[in-house]
file data-v1.cif (mmCIF, C-alpha atoms)
data_final
#
loop_
_atom_site.label_atom_id
_atom_site.label_comp_id
_atom_site.auth_asym_id
_atom_site.auth_seq_id
_atom_site.Cartn_x
_atom_site.Cartn_y
_atom_site.Cartn_z
CA MET A 437 52.63 -57.00 150.94
CA ARG A 438 52.64 -59.74 153.55
CA LYS A 439 53.36 -63.25 152.41
CA GLN A 440 50.27 -65.43 152.45
CA ILE A 441 50.85 -68.96 153.70
CA GLY A 442 49.23 -71.55 151.48
CA GLU A 443 47.03 -74.33 152.70
CA PRO A 444 47.20 -76.89 154.05
CA SER A 445 49.22 -75.74 157.03
CA ALA A 446 49.35 -76.55 160.73
CA ALA A 447 49.35 -73.77 163.32
CA VAL A 448 49.56 -73.80 167.11
CA LEU A 449 49.50 -70.87 169.52
CA ASP A 450 51.24 -72.33 172.56
CA VAL A 451 50.31 -70.28 175.65
CA GLY A 452 52.60 -71.17 178.53
CA SER A 453 53.88 -69.63 181.71
CA PHE A 454 56.68 -67.64 180.08
CA SER A 455 55.44 -66.98 176.55
CA ALA A 456 52.69 -67.35 173.98
CA ARG A 457 54.30 -68.64 170.80
CA LEU A 458 52.66 -69.01 167.42
CA VAL A 459 54.26 -71.64 165.18
CA VAL A 460 53.03 -72.40 161.66
CA LEU A 461 54.24 -75.23 159.43
CA ALA A 462 53.56 -75.52 155.71
CA LYS A 463 52.71 -78.82 154.06
CA GLY A 464 55.70 -81.13 154.30
CA GLY A 465 57.37 -78.70 156.69
CA SER A 466 59.38 -79.20 159.85
CA PRO A 467 59.43 -77.46 163.25
CA LEU A 468 63.05 -76.68 162.45
CA GLU A 469 61.90 -74.33 159.68
CA PRO A 470 58.45 -72.89 160.45
CA VAL A 471 56.99 -70.61 157.82
CA LEU A 472 55.80 -68.30 160.57
CA SER A 473 56.81 -67.85 164.21
CA HIS A 474 55.78 -65.14 166.64
CA GLN A 475 56.33 -64.88 170.39
CA THR A 476 54.88 -62.71 173.13
CA ARG A 477 56.57 -62.87 176.52
CA LEU A 478 54.55 -63.73 179.61
CA ARG A 479 55.34 -64.14 183.32
CA LEU A 480 52.31 -66.03 184.56
CA ASP A 481 54.42 -67.57 187.33
CA ARG A 482 54.28 -64.13 188.96
CA GLU A 483 50.54 -63.79 188.50
CA LEU A 484 49.26 -66.69 190.60
CA ASP A 485 47.99 -65.63 194.02
CA ASP A 486 48.16 -67.68 197.22
CA ASP A 487 44.93 -69.48 196.30
CA GLY A 488 46.26 -70.53 192.90
CA LYS A 489 44.15 -68.00 190.99
CA LEU A 490 45.49 -66.17 187.98
CA THR A 491 45.30 -62.47 188.74
CA ARG A 492 43.42 -59.93 186.65
CA ARG A 493 46.74 -58.64 185.34
CA GLY A 494 47.67 -62.20 184.37
CA ILE A 495 44.38 -62.76 182.56
CA ASP A 496 44.77 -59.48 180.70
CA ALA A 497 48.32 -60.46 179.72
CA VAL A 498 47.06 -63.77 178.31
CA SER A 499 44.34 -61.96 176.36
CA SER A 500 46.86 -59.53 174.88
CA ALA A 501 49.23 -62.36 173.94
CA VAL A 502 46.45 -64.40 172.32
CA GLU A 503 45.26 -61.34 170.39
CA ALA A 504 48.79 -60.65 169.15
CA GLY A 505 49.33 -64.24 168.03
CA MET A 506 46.00 -64.56 166.27
CA THR A 507 46.41 -61.20 164.57
CA MET A 508 49.79 -62.27 163.23
CA ALA A 509 48.31 -65.54 161.92
CA ALA A 510 45.41 -63.73 160.22
CA LYS A 511 47.77 -61.25 158.52
CA HIS A 512 49.49 -64.20 156.86
CA GLY A 513 46.29 -65.93 155.82
CA VAL A 514 46.34 -68.63 158.50
CA GLU A 515 42.81 -69.29 159.71
CA ASP A 516 42.90 -72.55 161.69
CA VAL A 517 45.06 -72.09 164.77
CA TYR A 518 45.02 -74.44 167.75
CA PRO A 519 45.10 -72.19 170.87
CA LEU A 520 46.88 -74.53 173.28
CA ALA A 521 46.98 -73.46 176.93
CA THR A 522 49.40 -75.36 179.15
CA SER A 523 49.31 -76.23 182.85
CA SER A 524 50.03 -72.68 184.03
CA ILE A 525 46.46 -71.85 182.97
CA ARG A 526 44.90 -75.31 183.12
CA ASP A 527 45.80 -75.70 186.82
CA ALA A 528 44.71 -72.23 187.92
CA THR A 529 41.82 -72.46 190.37
CA ASN A 530 39.91 -69.88 188.34
CA VAL A 531 40.57 -71.55 184.99
CA LYS A 532 36.92 -71.25 183.88
CA GLN A 533 37.00 -67.50 184.46
CA VAL A 534 40.30 -67.23 182.56
CA VAL A 535 38.92 -69.09 179.54
CA CYS A 536 35.69 -67.07 179.60
CA ASP A 537 37.43 -63.69 179.93
CA VAL A 538 39.97 -64.45 177.20
CA ALA A 539 37.16 -65.60 174.89
CA LYS A 540 35.17 -62.41 175.54
CA SER A 541 38.22 -60.26 174.88
CA THR A 542 39.64 -62.05 171.83
CA GLY A 543 36.96 -64.35 170.46
CA VAL A 544 39.35 -67.28 171.04
CA GLU A 545 38.50 -70.12 173.40
CA LEU A 546 41.67 -71.59 174.87
CA ARG A 547 41.97 -75.36 174.62
CA PHE A 548 43.64 -77.89 176.85
CA LEU A 549 45.17 -81.30 176.41
CA THR A 550 45.06 -83.91 179.14
CA GLY A 551 48.37 -84.83 180.71
CA ARG A 552 48.24 -88.21 179.02
CA ARG A 553 47.64 -86.60 175.63
CA GLU A 554 50.56 -84.23 176.20
CA ALA A 555 52.74 -87.27 176.93
CA GLU A 556 51.56 -89.01 173.75
CA LEU A 557 52.31 -85.96 171.62
CA ALA A 558 55.73 -85.45 173.22
CA TYR A 559 56.45 -89.02 172.16
CA VAL A 560 55.34 -88.23 168.60
CA GLY A 561 57.73 -85.26 168.54
CA ALA A 562 60.64 -87.33 169.85
CA ARG A 563 59.91 -90.22 167.50
CA ARG A 564 59.92 -87.90 164.50
CA TRP A 565 63.21 -86.39 165.66
CA TYR A 566 65.02 -89.72 166.13
CA GLY A 567 63.22 -91.79 163.50
CA ALA A 568 62.11 -95.41 163.44
CA SER A 569 65.69 -96.69 163.43
CA ALA A 570 66.22 -95.39 166.97
CA GLY A 571 64.28 -98.33 168.39
CA GLY A 572 62.45 -98.02 171.69
CA LEU A 573 62.15 -94.57 173.24
CA LEU A 574 61.31 -93.50 176.78
CA VAL A 575 60.26 -89.84 176.58
CA LEU A 576 60.51 -87.64 179.67
CA ASP A 577 59.05 -84.14 179.86
CA ILE A 578 59.26 -82.01 183.01
CA GLY A 579 56.86 -79.09 182.84
CA GLY A 580 55.82 -76.46 185.32
CA GLY A 581 52.72 -78.25 186.57
CA THR A 582 53.17 -81.87 185.51
CA VAL A 583 55.64 -84.49 184.34
CA GLU A 584 54.83 -86.52 181.24
CA LEU A 585 56.16 -90.02 180.58
CA ALA A 586 55.71 -91.99 177.36
CA ALA A 587 57.36 -95.05 175.85
CA GLY A 588 57.13 -97.22 172.80
CA LYS A 589 58.81 -98.67 169.72
CA ALA A 590 56.26 -97.65 167.09
CA GLU A 591 54.97 -94.36 165.67
CA GLU A 592 52.68 -93.91 168.69
CA ALA A 593 53.39 -94.51 172.36
CA GLY A 594 52.37 -97.77 173.95
CA PHE A 595 52.63 -96.25 177.43
CA ALA A 596 51.75 -92.69 178.42
CA HIS A 597 51.30 -91.20 181.87
CA SER A 598 51.20 -87.80 183.57
CA LEU A 599 52.19 -86.98 187.14
CA PRO A 600 51.55 -83.80 189.18
CA LEU A 601 55.28 -83.29 189.77
CA GLY A 602 56.00 -80.17 187.75
CA ALA A 603 58.89 -77.95 188.81
CA ARG A 604 56.68 -74.93 189.48
CA SER A 605 54.11 -76.89 191.50
CA LEU A 606 56.69 -78.67 193.64
CA THR A 607 58.51 -75.42 194.35
CA ARG A 608 55.26 -73.85 195.54
CA ASP A 609 54.17 -76.84 197.63
CA TRP A 610 57.50 -77.80 199.22
CA PHE A 611 59.81 -74.81 199.49
CA ALA A 612 58.81 -72.03 201.87
CA THR A 613 62.19 -70.37 201.27
CA GLU A 614 64.55 -70.13 198.30
CA CYS A 615 67.17 -72.16 200.17
CA PRO A 616 65.33 -75.08 201.83
CA SER A 617 66.92 -77.16 204.56
CA PRO A 618 68.67 -80.45 203.78
CA LYS A 619 65.83 -82.22 205.61
CA VAL A 620 63.19 -80.73 203.31
CA VAL A 621 65.27 -81.47 200.22
CA ARG A 622 65.79 -85.07 201.33
CA ALA A 623 62.08 -85.57 202.01
CA MET A 624 61.17 -84.17 198.62
CA ARG A 625 63.70 -86.39 196.84
CA GLU A 626 62.22 -89.45 198.53
CA HIS A 627 58.65 -88.40 197.74
CA VAL A 628 59.32 -87.73 194.07
CA LEU A 629 61.24 -90.97 193.59
CA ASP A 630 58.41 -92.94 195.18
CA GLU A 631 55.82 -91.26 192.94
CA VAL A 632 57.79 -91.88 189.77
CA ARG A 633 58.56 -95.47 190.73
CA ASP A 634 54.88 -96.19 191.38
CA ALA A 635 53.95 -94.77 187.99
CA MET A 636 56.58 -96.73 186.09
CA GLN A 637 56.90 -100.00 188.00
CA ASP A 638 54.60 -102.01 185.71
CA VAL A 639 56.29 -100.87 182.52
CA LEU A 640 59.94 -100.81 183.65
CA PRO A 641 60.72 -104.43 182.66
CA GLN A 642 59.55 -103.73 179.10
CA ILE A 643 61.49 -100.49 178.60
CA ARG A 644 64.90 -101.24 180.09
CA ASP A 645 66.46 -101.26 176.62
CA HIS A 646 64.69 -98.06 175.52
CA ARG A 647 66.63 -94.89 174.88
CA ALA A 648 65.72 -92.22 177.43
CA VAL A 649 64.96 -88.89 175.80
CA GLY A 650 64.34 -85.55 177.53
CA CYS A 651 61.90 -83.15 175.85
CA SER A 652 61.69 -80.06 178.03
CA LYS A 653 63.47 -76.80 178.75
CA VAL A 654 63.97 -77.95 182.34
CA LEU A 655 66.03 -80.95 181.21
CA ARG A 656 67.79 -78.91 178.53
CA GLN A 657 68.91 -76.32 181.07
CA LEU A 658 70.01 -78.97 183.55
CA ALA A 659 72.05 -80.68 180.83
CA ARG A 660 73.79 -77.37 180.17
CA LEU A 661 74.40 -76.89 183.89
CA ALA A 662 75.48 -80.38 184.88
CA GLY A 663 77.20 -81.39 181.66
CA ASP A 664 78.84 -78.15 180.64
CA ARG A 665 81.31 -79.84 178.31
CA PRO A 666 81.14 -80.06 174.51
CA SER A 667 81.05 -83.86 174.49
CA ARG A 668 78.10 -84.02 176.90
CA SER A 669 76.13 -80.87 176.14
CA ARG A 670 73.23 -82.85 174.64
CA GLU A 671 73.03 -85.38 177.45
CA LEU A 672 72.23 -85.28 181.15
CA HIS A 673 73.96 -87.82 183.38
CA LEU A 674 72.75 -88.84 186.82
CA ASP A 675 76.14 -88.61 188.53
CA ASP A 676 76.65 -85.04 187.28
CA LEU A 677 73.12 -84.00 188.24
CA ARG A 678 73.30 -85.38 191.78
CA SER A 679 76.36 -83.31 192.58
CA TRP A 680 74.42 -80.17 191.72
CA ILE A 681 71.32 -80.71 193.88
CA PRO A 682 72.87 -79.73 197.24
CA ARG A 683 74.61 -76.79 195.56
CA LEU A 684 71.37 -75.50 194.05
CA ALA A 685 69.66 -75.82 197.45
CA LYS A 686 72.17 -73.39 198.96
CA LEU A 687 71.73 -70.72 196.30
CA PRO A 688 68.94 -68.12 196.05
CA ALA A 689 67.22 -67.75 192.69
CA LYS A 690 69.31 -64.71 191.74
CA SER A 691 72.52 -66.70 192.12
CA ARG A 692 71.15 -69.73 190.31
CA ALA A 693 70.39 -67.50 187.32
CA GLU A 694 74.12 -66.79 187.03
CA LEU A 695 74.90 -70.48 186.51
CA PRO A 696 75.44 -71.98 183.03
CA GLY A 697 72.14 -72.83 181.35
CA ILE A 698 69.79 -71.63 184.10
CA SER A 699 67.52 -68.85 182.87
CA ARG A 700 66.37 -66.04 185.13
CA GLN A 701 62.72 -66.98 184.55
CA ARG A 702 63.21 -70.58 185.68
CA SER A 703 65.88 -70.07 188.34
CA HIS A 704 63.44 -70.23 191.25
CA GLN A 705 62.24 -73.69 190.21
CA ALA A 706 65.62 -75.11 189.14
CA LEU A 707 66.08 -77.10 192.36
CA ALA A 708 62.69 -78.81 192.09
CA GLY A 709 63.34 -79.54 188.43
CA ALA A 710 66.69 -81.12 189.30
CA ILE A 711 65.06 -83.32 191.94
CA VAL A 712 62.44 -84.57 189.50
CA ALA A 713 65.11 -85.16 186.86
CA GLU A 714 67.12 -87.16 189.39
CA ALA A 715 64.18 -89.49 190.04
CA LEU A 716 63.53 -89.96 186.32
CA LEU A 717 67.17 -90.72 185.56
CA THR A 718 67.43 -93.08 188.52
CA LEU A 719 64.73 -95.26 186.96
CA SER A 720 65.74 -94.88 183.32
CA GLY A 721 69.34 -95.97 183.15
CA GLY A 722 71.23 -92.98 184.50
CA GLN A 723 71.35 -90.73 181.44
CA VAL A 724 68.99 -88.96 179.07
CA ALA A 725 69.54 -87.53 175.61
CA ILE A 726 68.16 -84.03 175.02
CA CYS A 727 65.58 -83.77 172.22
CA PRO A 728 64.54 -80.34 170.86
CA TRP A 729 61.02 -81.46 169.92
CA SER A 730 58.20 -81.99 172.38
CA THR A 731 54.40 -81.74 172.75
CA ARG A 732 53.86 -78.69 170.56
CA ASP A 733 55.99 -80.17 167.79
CA GLY A 734 54.22 -83.51 168.01
CA LEU A 735 50.88 -81.72 167.77
CA LEU A 736 52.00 -79.69 164.73
CA LEU A 737 53.43 -82.69 162.89
CA GLY A 738 50.39 -84.81 163.68
CA MET A 739 48.03 -82.10 162.42
CA LEU A 740 50.08 -81.63 159.27
CA ASP A 741 49.99 -85.34 158.48
CA GLY A 742 46.27 -85.65 159.22
CA LEU A 743 46.94 -87.90 162.20
CA VAL A 744 45.63 -85.33 164.69
CA THR A 745 42.43 -83.33 164.30
CA LEU A 746 42.05 -79.61 164.99
CA ASP A 747 40.88 -80.43 168.51
CA GLY A 748 44.18 -82.18 169.27
CA LYS A 749 42.71 -85.68 169.24
CA PRO A 750 43.88 -88.64 167.16
CA ALA A 751 42.19 -88.72 163.74
CA LYS A 752 39.87 -91.65 163.24
CA ALA A 753 41.01 -94.21 160.73
CA ALA A 754 39.10 -94.15 157.46
#
call {"tool": "encode", "arguments": {"input": "data-v1.cif", "output": "structure tokens"}}
result
Amino acid sequence: MRKQIGEPSAAVLDVGSFSARLVVLAKGGSPLEPVLSHQTRLRLDRELDDDGKLTRRGIDAVSSAVEAGMTMAAKHGVEDVYPLATSSIRDATNVKQVVCDVAKSTGVELRFLTGRREAELAYVGARRWYGASAGGLLVLDIGGGTVELAAGKAEEAGFAHSLPLGARSLTRDWFATECPSPKVVRAMREHVLDEVRDAMQDVLPQIRDHRAVGCSKVLRQLARLAGDRPSRSRELHLDDLRSWIPRLAKLPAKSRAELPGISRQRSHQALAGAIVAEALLTLSGGQVAICPWSTRDGLLLGMLDGLVTLDGKPAKAA
């Protein structure tokens, strides 16, 4: 007999480029110890055509993954699941068709958070991880389609912003080959730094004493690559990262995947991710601590505490 999960609980089916992961927390629970977790692998990065449309095979894969996740939740008595679709679907040019087809196939309508809301929830996840005693936090999250920035000293972020500088998007828009020329790499570094500086210039004076925290697999993998030493494995330092950018630019994706920390799935976008990370670290003090909790965890914890409604929005005060 399958174990039935008591209510109240919080459940999110996080549908991203590389997987659809169901995570369920029981009352008073933690993302470190979910009462239920289930993952279906995806490779949506391979299913976007030249026009940015998700292919029929990609849509069918999403439908199958959603069906598998929801079936697993139902078997354990979990009824309210937030079906969160990330930028790999949100930014597809045929996103309406994707949502419609998945709904017809599974009965589940995928939901999206704005970039700003993703940033706010990443901050919630980081704040819960470090606690109130950590003081001010600057939370950095490099995704496939966007980059989220959030900062504050309280339970919720006072500053939150999203930029279209995701590692997947920049790779597609800037690199015609796996090993771009030094000129192209230099131009991209300048562009990204300018974009990040423009987004942060008004808030920089207020957050100079904040602890910079990285909440993404991109930053986690770069920390493993550029700080492959026990004493620095949970931090990413600007000087270490910069030395790797020209080296990554000379390597094809297959060779990058053989490096410490770089997964095969993300190897093709590792260079773009490193360039974005360089810009973020340049403006945030030169180093970032790696936090295991991000947007999904902030959403789960907020739902569990009644601070976030089932549509992902902040709960209204009584």
call {"tool": "closest_residue", "arguments": {"input": "data-v1.cif", "among": "A:Leu549, A:Ala715, A:Ala447, A:Ala558", "to": "Ala635 in chain A", "atoms": "all atoms listed in the file"}}
result
A:Ala715
call {"tool": "residues_around", "arguments": {"input": "data-v1.cif", "residues": "His704 in chain A", "least_positions_apart": "6", "cutoff": "10 Å", "atoms": "all atoms listed in the file", "output": "MDAnalysis selection string"}}
result
chainID A and resid 603:604 607:608 614:615 684 687:693 698
call {"tool": "resolve_selection", "arguments": {"input": "data-v1.cif", "expression": "the PyMOL selection byres ((chain A and resi 560-566) around 6)", "output": "PyMOL selection string"}}
result
chain A and resi 557-559+567+570+729-730+733-734
call {"tool": "atom_distance", "arguments": {"input": "data-v1.cif", "atom1": "CA of Ser703 in chain A", "atom2": "CA of Trp610 in chain A"}}
result
15.8 Å
call {"tool": "axis_aligned_box", "arguments": {"input": "data-v1.cif", "around": "range 612-622 of chain A", "padding_each_side": "6 Å", "output": "JSON"}}
result
{"center_x": 63.7, "center_y": -77.6, "center_z": 202.0, "size_x": 21.9, "size_y": 26.9, "size_z": 19.3}
call {"tool": "resolve_selection", "arguments": {"input": "data-v1.cif", "expression": "the PyMOL selection byres ((chain A and resi 517) around 9)", "output": "list in words"}}
result
Ala446, Ala447, Val448, Leu449, Leu458, Val460, Met506, Ala509, Val514, Glu515, Asp516, Tyr518, Pro519 and Leu746 of chain A
call {"tool": "residues_around", "arguments": {"input": "data-v1.cif", "residues": "range 720-724 of chain A", "least_positions_apart": "6", "cutoff": "7 Å", "atoms": "all atoms listed in the file", "output": "ChimeraX atom specification"}}
result
/A:648-650,671-674
call {"tool": "residues_around", "arguments": {"input": "data-v1.cif", "residues": "Met636 in chain A", "least_positions_apart": "3", "cutoff": "9 Å", "atoms": "all atoms listed in the file", "output": "JSON, numbers by chain"}}
result
{"A": [585, 597, 631, 632, 633, 639, 640, 719]}
call {"tool": "atom_distance", "arguments": {"input": "data-v1.cif", "atom1": "CA of Ala587 in chain A", "atom2": "CA of Val451 in chain A"}}
result
25.8 Å
call {"tool": "resolve_selection", "arguments": {"input": "data-v1.cif", "expression": "the PyMOL selection byres ((chain A and resi 701) around 12)", "output": "number ranges by chain"}}
result
A: 453-455, 477-482, 580, 604, 653-654, 657, 689-690, 692-694, 697-700, 702-706
call {"tool": "atom_distance", "arguments": {"input": "data-v1.cif", "atom1": "CA of Ala662 in chain A", "atom2": "CA of Glu714 in chain A"}}
result
11.7 Å
call {"tool": "residues_around", "arguments": {"input": "data-v1.cif", "residues": "Ile681 in chain A", "least_positions_apart": "5", "cutoff": "8 Å", "atoms": "all atoms listed in the file", "output": "PyMOL selection string"}}
result
chain A and resi 707+710-711
call {"tool": "residues_around", "arguments": {"input": "data-v1.cif", "residues": "range 495-502 of chain A", "least_positions_apart": "2", "cutoff": "7 Å", "atoms": "all atoms listed in the file", "output": "PyMOL selection string"}}
result
chain A and resi 456+476+490-493+504-506+534+538+541-542
call {"tool": "closest_residue", "arguments": {"input": "data-v1.cif", "among": "A:Val583, A:Leu472, A:Ala528, A:Val459", "to": "Lys489 in chain A", "atoms": "only C-alpha atoms"}}
result
A:Ala528
call {"tool": "closest_residue", "arguments": {"input": "data-v1.cif", "among": "A:Ser569, A:Leu716, A:Ser679, A:His646", "to": "Asp634 in chain A", "atoms": "all atoms listed in the file"}}
result
A:Leu716
call {"tool": "decode", "arguments": {"input": "data-v1.cif", "residues": "range 671-681 of chain A", "atoms": "all heavy atoms", "output": "short mmCIF file (atom, residue, chain, number, x, y, z; two decimals), in the first residue's frame"}}
result
data_model
loop_
_atom_site.label_atom_id
_atom_site.label_comp_id
_atom_site.auth_asym_id
_atom_site.auth_seq_id
_atom_site.Cartn_x
_atom_site.Cartn_y
_atom_site.Cartn_z
N GLU A 671 32.10 28.17 -3.00
CA GLU A 671 32.22 29.57 -3.37
C GLU A 671 32.75 29.69 -4.79
O GLU A 671 33.46 28.80 -5.28
CB GLU A 671 33.16 30.32 -2.43
CG GLU A 671 32.65 30.49 -1.00
CD GLU A 671 33.60 31.29 -0.15
OE1 GLU A 671 34.80 31.38 -0.49
OE2 GLU A 671 33.14 31.82 0.88
N LEU A 672 32.40 30.76 -5.45
CA LEU A 672 32.93 31.07 -6.77
C LEU A 672 33.62 32.42 -6.69
O LEU A 672 33.00 33.41 -6.26
CB LEU A 672 31.81 31.10 -7.81
CG LEU A 672 32.21 31.47 -9.24
CD1 LEU A 672 33.23 30.48 -9.79
CD2 LEU A 672 30.97 31.54 -10.14
N HIS A 673 34.89 32.47 -7.08
CA HIS A 673 35.68 33.69 -6.99
C HIS A 673 35.97 34.24 -8.38
O HIS A 673 36.25 33.48 -9.31
CB HIS A 673 36.99 33.42 -6.26
CG HIS A 673 36.81 33.09 -4.81
ND1 HIS A 673 37.21 33.93 -3.80
CD2 HIS A 673 36.26 32.01 -4.20
CE1 HIS A 673 36.92 33.40 -2.63
NE2 HIS A 673 36.34 32.22 -2.84
N LEU A 674 35.91 35.54 -8.50
CA LEU A 674 36.04 36.20 -9.79
C LEU A 674 37.39 35.90 -10.45
O LEU A 674 37.45 35.65 -11.66
CB LEU A 674 35.85 37.71 -9.63
CG LEU A 674 35.93 38.56 -10.89
CD1 LEU A 674 34.90 38.12 -11.91
CD2 LEU A 674 35.74 40.04 -10.55
N ASP A 675 38.48 35.94 -9.69
CA ASP A 675 39.78 35.72 -10.29
C ASP A 675 39.91 34.31 -10.86
O ASP A 675 40.48 34.11 -11.95
CB ASP A 675 40.91 36.00 -9.29
CG ASP A 675 40.73 35.22 -7.98
OD1 ASP A 675 39.66 34.62 -7.79
OD2 ASP A 675 41.67 35.24 -7.15
N ASP A 676 39.34 33.32 -10.16
CA ASP A 676 39.36 31.95 -10.67
C ASP A 676 38.50 31.82 -11.93
O ASP A 676 38.89 31.16 -12.91
CB ASP A 676 38.84 30.97 -9.62
CG ASP A 676 39.75 30.86 -8.41
OD1 ASP A 676 40.97 31.04 -8.58
OD2 ASP A 676 39.23 30.62 -7.31
N LEU A 677 37.33 32.43 -11.90
CA LEU A 677 36.40 32.33 -13.03
C LEU A 677 36.98 32.95 -14.29
O LEU A 677 36.88 32.37 -15.39
CB LEU A 677 35.08 33.02 -12.67
CG LEU A 677 34.01 33.07 -13.76
CD1 LEU A 677 33.56 31.66 -14.13
CD2 LEU A 677 32.82 33.91 -13.31
N ARG A 678 37.58 34.13 -14.16
CA ARG A 678 38.12 34.82 -15.34
C ARG A 678 39.17 33.99 -16.06
O ARG A 678 39.27 34.04 -17.29
CB ARG A 678 38.70 36.17 -14.91
CG ARG A 678 37.65 37.25 -14.79
CD ARG A 678 38.25 38.59 -14.46
NE ARG A 678 37.23 39.63 -14.54
CZ ARG A 678 37.29 40.77 -13.85
NH1 ARG A 678 38.32 41.01 -13.04
NH2 ARG A 678 36.34 41.67 -13.97
N SER A 679 39.95 33.25 -15.33
CA SER A 679 40.99 32.45 -15.98
C SER A 679 40.41 31.32 -16.81
O SER A 679 41.07 30.80 -17.72
CB SER A 679 41.94 31.87 -14.92
OG SER A 679 41.29 30.88 -14.14
N TRP A 680 39.16 30.96 -16.54
CA TRP A 680 38.53 29.86 -17.26
C TRP A 680 37.81 30.30 -18.53
O TRP A 680 37.59 29.48 -19.44
CB TRP A 680 37.55 29.11 -16.35
CG TRP A 680 38.19 27.99 -15.61
CD1 TRP A 680 38.59 27.97 -14.31
CD2 TRP A 680 38.53 26.71 -16.15
NE1 TRP A 680 39.16 26.76 -13.99
CE2 TRP A 680 39.13 25.96 -15.11
CE3 TRP A 680 38.39 26.13 -17.41
CZ2 TRP A 680 39.59 24.66 -15.30
CZ3 TRP A 680 38.84 24.82 -17.58
CH2 TRP A 680 39.43 24.11 -16.54
N ILE A 681 37.41 31.55 -18.64
CA ILE A 681 36.61 31.98 -19.79
C ILE A 681 37.34 31.76 -21.11
O ILE A 681 36.76 31.15 -22.04
CB ILE A 681 36.14 33.44 -19.61
CG1 ILE A 681 35.09 33.49 -18.49
CG2 ILE A 681 35.58 34.00 -20.92
CD1 ILE A 681 34.61 34.88 -18.16
#
